[in-house]
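Novice: Okay, here's the structure, questions in a sec.
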Amino acid sequence: MEDYRLHNRIGFRVTRLARIMEARLEKQIGEHGITRLMWCVLRGVGMEDVNTPSALADYICIARPAISRLLKTMEKKGLLERNGTDADGRYTQVCLTTKGKQKMDLCYVLVRDLNEHFSNKLQPQAYDDLMQMIDVLTEGENVTLMRL
């Protein structure tokens, strides 16, 4: 039988790194009332022109009912607005409020610093290689497996 050691498995190591980064991120932006998924929406709408619920669900890899709940929560917090653009209101465009833009700008610095903390642990070529390897590992995998 193969010598199986949990801590030597790719799944364990990748999951551990992701949890470390996620926990630090949630702590930092959580102090400003923002969750990781809220940050993803703020970034998508405010910085990458992803502005419909369906596109946002795809962008952050969550199910459509989950994005609907998230947008409703963010709307109640005054971070965004949803506007129907068709006569029947079925097409909804999402835009940030002034408060949402302020939170996005504030959190952007925190997220950038966190990413720099980890990426600076690697030499530039090692970082590029790691990113390429992650792309190879995820290529062709069914994104619906990541939907919550």
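Naming scheme: A, B, ... for chains in displayed order of the structure tokens; residues 1 onward per chain; ligands 1 onward as shown.
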Can you list, as a VMD selection string, every protein, DNA or RNA residue that comes within 10 Å of Asp105 (chain A) when you count only C-alpha atoms, leaving out same-chain residues fewer than 3 positions away?
Specialist: chain A and resid 42 to 43 46 to 47 99 to 102 108 to 110
Novice: Within region 49-143 of chain A, find each residue whose DSSP state, derived from the backbone, is strand (DSSP E), and express the selection as a list in words.
Specialist: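 For region 49-143 of chain A, the strand (DSSP E) set is Leu80, Glu81, Arg82, Asn83, Gly84, Thr92, Gln93, Val94, Cys95 and Leu96 of chain A.
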Novice: Residues near Thr92 (chain A), anyone? I mean within 12 Å using only C-alpha atoms, not counting same-chain ones fewer than 6 positions away, as a list in words.
Specialist: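 Once the nearby chain positions are removed, what remains is Val50, Asn51, Thr52, Pro53, Ser54, Ala55, Leu56, Ser68, Leu71, Glu81, Arg82, Asn83, Gly84, Thr85 and Asp86 of chain A.
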Novice: Would you write out those residues with all heavy atoms, as a CSV table (one decimal), in the first residue's frame?
Specialist:
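result-v9.csv written:
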```csv
chain,number,residue,atom,x,y,z
A,50,VAL,N,-18.7,43.8,-13.7
A,50,VAL,CA,-19.6,42.6,-13.7
A,50,VAL,C,-20.8,43.2,-12.9
A,50,VAL,O,-20.7,43.4,-11.7
A,50,VAL,CB,-18.9,41.5,-12.9
A,50,VAL,CG1,-19.8,40.3,-12.9
A,50,VAL,CG2,-17.6,41.1,-13.5
A,51,ASN,N,-21.9,43.4,-13.7
A,51,ASN,CA,-23.0,44.1,-13.0
A,51,ASN,C,-24.4,43.5,-13.2
A,51,ASN,O,-25.4,44.2,-13.1
A,51,ASN,CB,-23.0,45.5,-13.6
A,51,ASN,CG,-23.1,45.6,-15.1
A,51,ASN,OD1,-23.5,44.6,-15.7
A,51,ASN,ND2,-22.7,46.7,-15.7
A,52,THR,N,-24.5,42.2,-13.4
A,52,THR,CA,-25.8,41.6,-13.3
A,52,THR,C,-25.7,40.4,-12.3
A,52,THR,O,-24.6,39.8,-12.1
A,52,THR,CB,-26.2,41.0,-14.7
A,52,THR,OG1,-25.4,39.9,-15.1
A,52,THR,CG2,-26.3,42.1,-15.8
A,53,PRO,N,-26.8,40.0,-11.7
A,53,PRO,CA,-26.7,38.9,-10.7
A,53,PRO,C,-26.2,37.6,-11.3
A,53,PRO,O,-25.4,37.0,-10.7
A,53,PRO,CB,-28.2,38.8,-10.3
A,53,PRO,CG,-28.8,40.2,-10.4
A,53,PRO,CD,-28.1,40.7,-11.7
A,54,SER,N,-26.6,37.3,-12.5
A,54,SER,CA,-26.2,36.1,-13.2
A,54,SER,C,-24.7,36.1,-13.4
A,54,SER,O,-23.9,35.2,-13.2
A,54,SER,CB,-26.9,35.9,-14.5
A,54,SER,OG,-26.5,34.7,-15.1
A,55,ALA,N,-24.2,37.3,-13.9
A,55,ALA,CA,-22.7,37.4,-14.2
A,55,ALA,C,-21.9,37.4,-12.9
A,55,ALA,O,-20.8,36.8,-12.9
A,55,ALA,CB,-22.5,38.7,-15.0
A,56,LEU,N,-22.5,38.0,-11.8
A,56,LEU,CA,-21.8,37.9,-10.6
A,56,LEU,C,-21.7,36.5,-10.0
A,56,LEU,O,-20.7,36.1,-9.4
A,56,LEU,CB,-22.5,38.9,-9.6
A,56,LEU,CG,-22.2,40.3,-9.8
A,56,LEU,CD1,-23.2,41.2,-9.0
A,56,LEU,CD2,-20.8,40.7,-9.3
A,68,SER,N,-28.4,35.9,-5.1
A,68,SER,CA,-29.6,36.7,-4.8
A,68,SER,C,-29.7,37.1,-3.4
A,68,SER,O,-30.0,38.3,-3.0
A,68,SER,CB,-30.9,35.9,-5.3
A,68,SER,OG,-32.0,36.7,-5.0
A,71,LEU,N,-26.9,39.7,-2.6
A,71,LEU,CA,-27.2,41.0,-3.1
A,71,LEU,C,-28.3,41.7,-2.2
A,71,LEU,O,-28.2,42.9,-2.0
A,71,LEU,CB,-27.6,41.0,-4.6
A,71,LEU,CG,-26.6,40.5,-5.6
A,71,LEU,CD1,-27.1,40.4,-7.0
A,71,LEU,CD2,-25.4,41.4,-5.5
A,81,GLU,N,-27.1,49.0,-5.2
A,81,GLU,CA,-28.5,49.1,-5.6
A,81,GLU,C,-28.7,48.2,-6.8
A,81,GLU,O,-27.8,47.9,-7.6
A,81,GLU,CB,-28.8,50.6,-6.1
A,81,GLU,CG,-28.7,51.6,-5.0
A,81,GLU,CD,-28.8,53.0,-5.5
A,81,GLU,OE1,-28.6,53.2,-6.7
A,81,GLU,OE2,-29.1,53.9,-4.7
A,82,ARG,N,-30.0,47.7,-6.9
A,82,ARG,CA,-30.3,46.9,-8.1
A,82,ARG,C,-31.4,47.6,-8.8
A,82,ARG,O,-32.4,48.0,-8.2
A,82,ARG,CB,-30.8,45.5,-7.6
A,82,ARG,CG,-29.7,44.7,-7.0
A,82,ARG,CD,-30.1,43.3,-6.6
A,82,ARG,NE,-31.0,43.3,-5.5
A,82,ARG,CZ,-31.5,42.2,-5.0
A,82,ARG,NH1,-31.4,41.1,-5.5
A,82,ARG,NH2,-32.3,42.3,-3.9
A,83,ASN,N,-31.2,47.7,-10.1
A,83,ASN,CA,-32.2,48.4,-11.0
A,83,ASN,C,-32.7,47.5,-12.1
A,83,ASN,O,-31.9,47.0,-12.8
A,83,ASN,CB,-31.6,49.7,-11.6
A,83,ASN,CG,-31.0,50.6,-10.5
A,83,ASN,OD1,-31.7,51.0,-9.6
A,83,ASN,ND2,-29.8,50.9,-10.6
A,84,GLY,N,-34.0,47.4,-12.2
A,84,GLY,CA,-34.6,46.6,-13.4
A,84,GLY,C,-34.5,47.5,-14.6
A,84,GLY,O,-34.7,48.7,-14.5
A,85,THR,N,-34.1,46.9,-15.7
A,85,THR,CA,-33.9,47.7,-16.9
A,85,THR,C,-34.9,47.4,-18.0
A,85,THR,O,-35.1,48.2,-18.9
A,85,THR,CB,-32.5,47.6,-17.5
A,85,THR,OG1,-32.2,46.2,-17.8
A,85,THR,CG2,-31.5,48.1,-16.5
A,86,ASP,N,-35.6,46.3,-17.9
A,86,ASP,CA,-36.7,45.9,-18.8
A,86,ASP,C,-38.0,46.4,-18.2
A,86,ASP,O,-38.1,46.7,-17.0
A,86,ASP,CB,-36.8,44.4,-19.0
A,86,ASP,CG,-35.6,43.9,-19.9
A,86,ASP,OD1,-34.9,44.7,-20.5
A,86,ASP,OD2,-35.4,42.7,-19.9
```
Novice: Would you mind telling me which residue in A:Arg16, A:Lys103, A:Lys27, A:His7 lies nearest to Met74 (chain A) when using only C-alpha atoms?
Specialist: A:Lys103
Novice: If we count only C-alpha atoms and set the cut-off at 9 Å, which residues sit around Met21 (chain A), ignoring sequence neighbours fewer than 4 positions away in its own chain? Please answer as a list in words.
Specialist: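 Final neighbour list, sorted by chain and number: Arg16, Leu17, Leu25, Glu26, Leu114, Asn115 and Phe118 of chain A.
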Novice: Kindly save the residues from that selection, with N, CA, C and O atoms included, as a short mmCIF file (atom, residue, chain, number, x, y, z; two decimals), in the first residue's frame.
Specialist:
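Saved the output as selection11.cif:
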```cif
data_model
loop_
_atom_site.label_atom_id
_atom_site.label_comp_id
_atom_site.auth_asym_id
_atom_site.auth_seq_id
_atom_site.Cartn_x
_atom_site.Cartn_y
_atom_site.Cartn_z
N ARG A 16 -5.25 24.01 3.15
CA ARG A 16 -4.68 24.71 4.32
C ARG A 16 -4.30 26.14 3.96
O ARG A 16 -4.63 27.09 4.68
N LEU A 17 -3.61 26.31 2.85
CA LEU A 17 -3.22 27.66 2.41
C LEU A 17 -4.47 28.52 2.17
O LEU A 17 -4.53 29.67 2.60
N LEU A 25 -8.16 37.21 5.57
CA LEU A 25 -8.97 38.15 4.81
C LEU A 25 -10.26 38.47 5.54
O LEU A 25 -10.62 39.64 5.70
N GLU A 26 -10.97 37.44 5.98
CA GLU A 26 -12.24 37.65 6.69
C GLU A 26 -12.04 38.50 7.94
O GLU A 26 -12.87 39.35 8.25
N LEU A 114 -2.69 41.77 1.69
CA LEU A 114 -2.70 40.34 2.04
C LEU A 114 -2.11 39.52 0.90
O LEU A 114 -1.26 38.64 1.13
N ASN A 115 -2.53 39.80 -0.32
CA ASN A 115 -1.99 39.06 -1.46
C ASN A 115 -0.50 39.30 -1.64
O ASN A 115 0.25 38.38 -1.95
N PHE A 118 1.64 37.18 0.82
CA PHE A 118 1.88 35.80 0.42
C PHE A 118 2.69 35.70 -0.88
O PHE A 118 3.59 34.88 -0.98
#
```
Novice: Between A:Ala126, A:Lys72, A:Cys40, A:Cys107, which one has atoms that come closest to Asp58 (chain A), using only C-alpha atoms?
Specialist: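 With only C-alpha atoms as the atom set, the closest residue is A:Cys40.
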Novice: Using DSSP assignments from the backbone, pull out every residue in chain A that falls under alpha helix (DSSP H) and give it to me as a ChimeraX atom specification.
Specialist: /A:10-30,36-48,53-60,64-76,98-119,124-138
Novice: Of the residues A:Asp129, A:His117, A:Ile10, A:Asp135, which is the one nearest to Arg24 (chain A), using only C-alpha atoms?
Specialist: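 Ranked by minimum distance to Arg24 (chain A), first place goes to A:His117.
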Novice: Select, from A:Lys77, A:Phe12, A:Leu6, A:Met104, the residue with the minimum atom-to-atom distance to Val41 (chain A), counting only C-alpha atoms.
Specialist: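 Selected residue with least distance to Val41 (chain A): A:Met104.
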Novice: Between CA of Tyr127 (chain A) and CA of Ile34 (chain A), what is the distance, to one decimal in Å?
Specialist: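 If I compute the distance from CA of Tyr127 (chain A) to CA of Ile34 (chain A), I get 28.1 Å.
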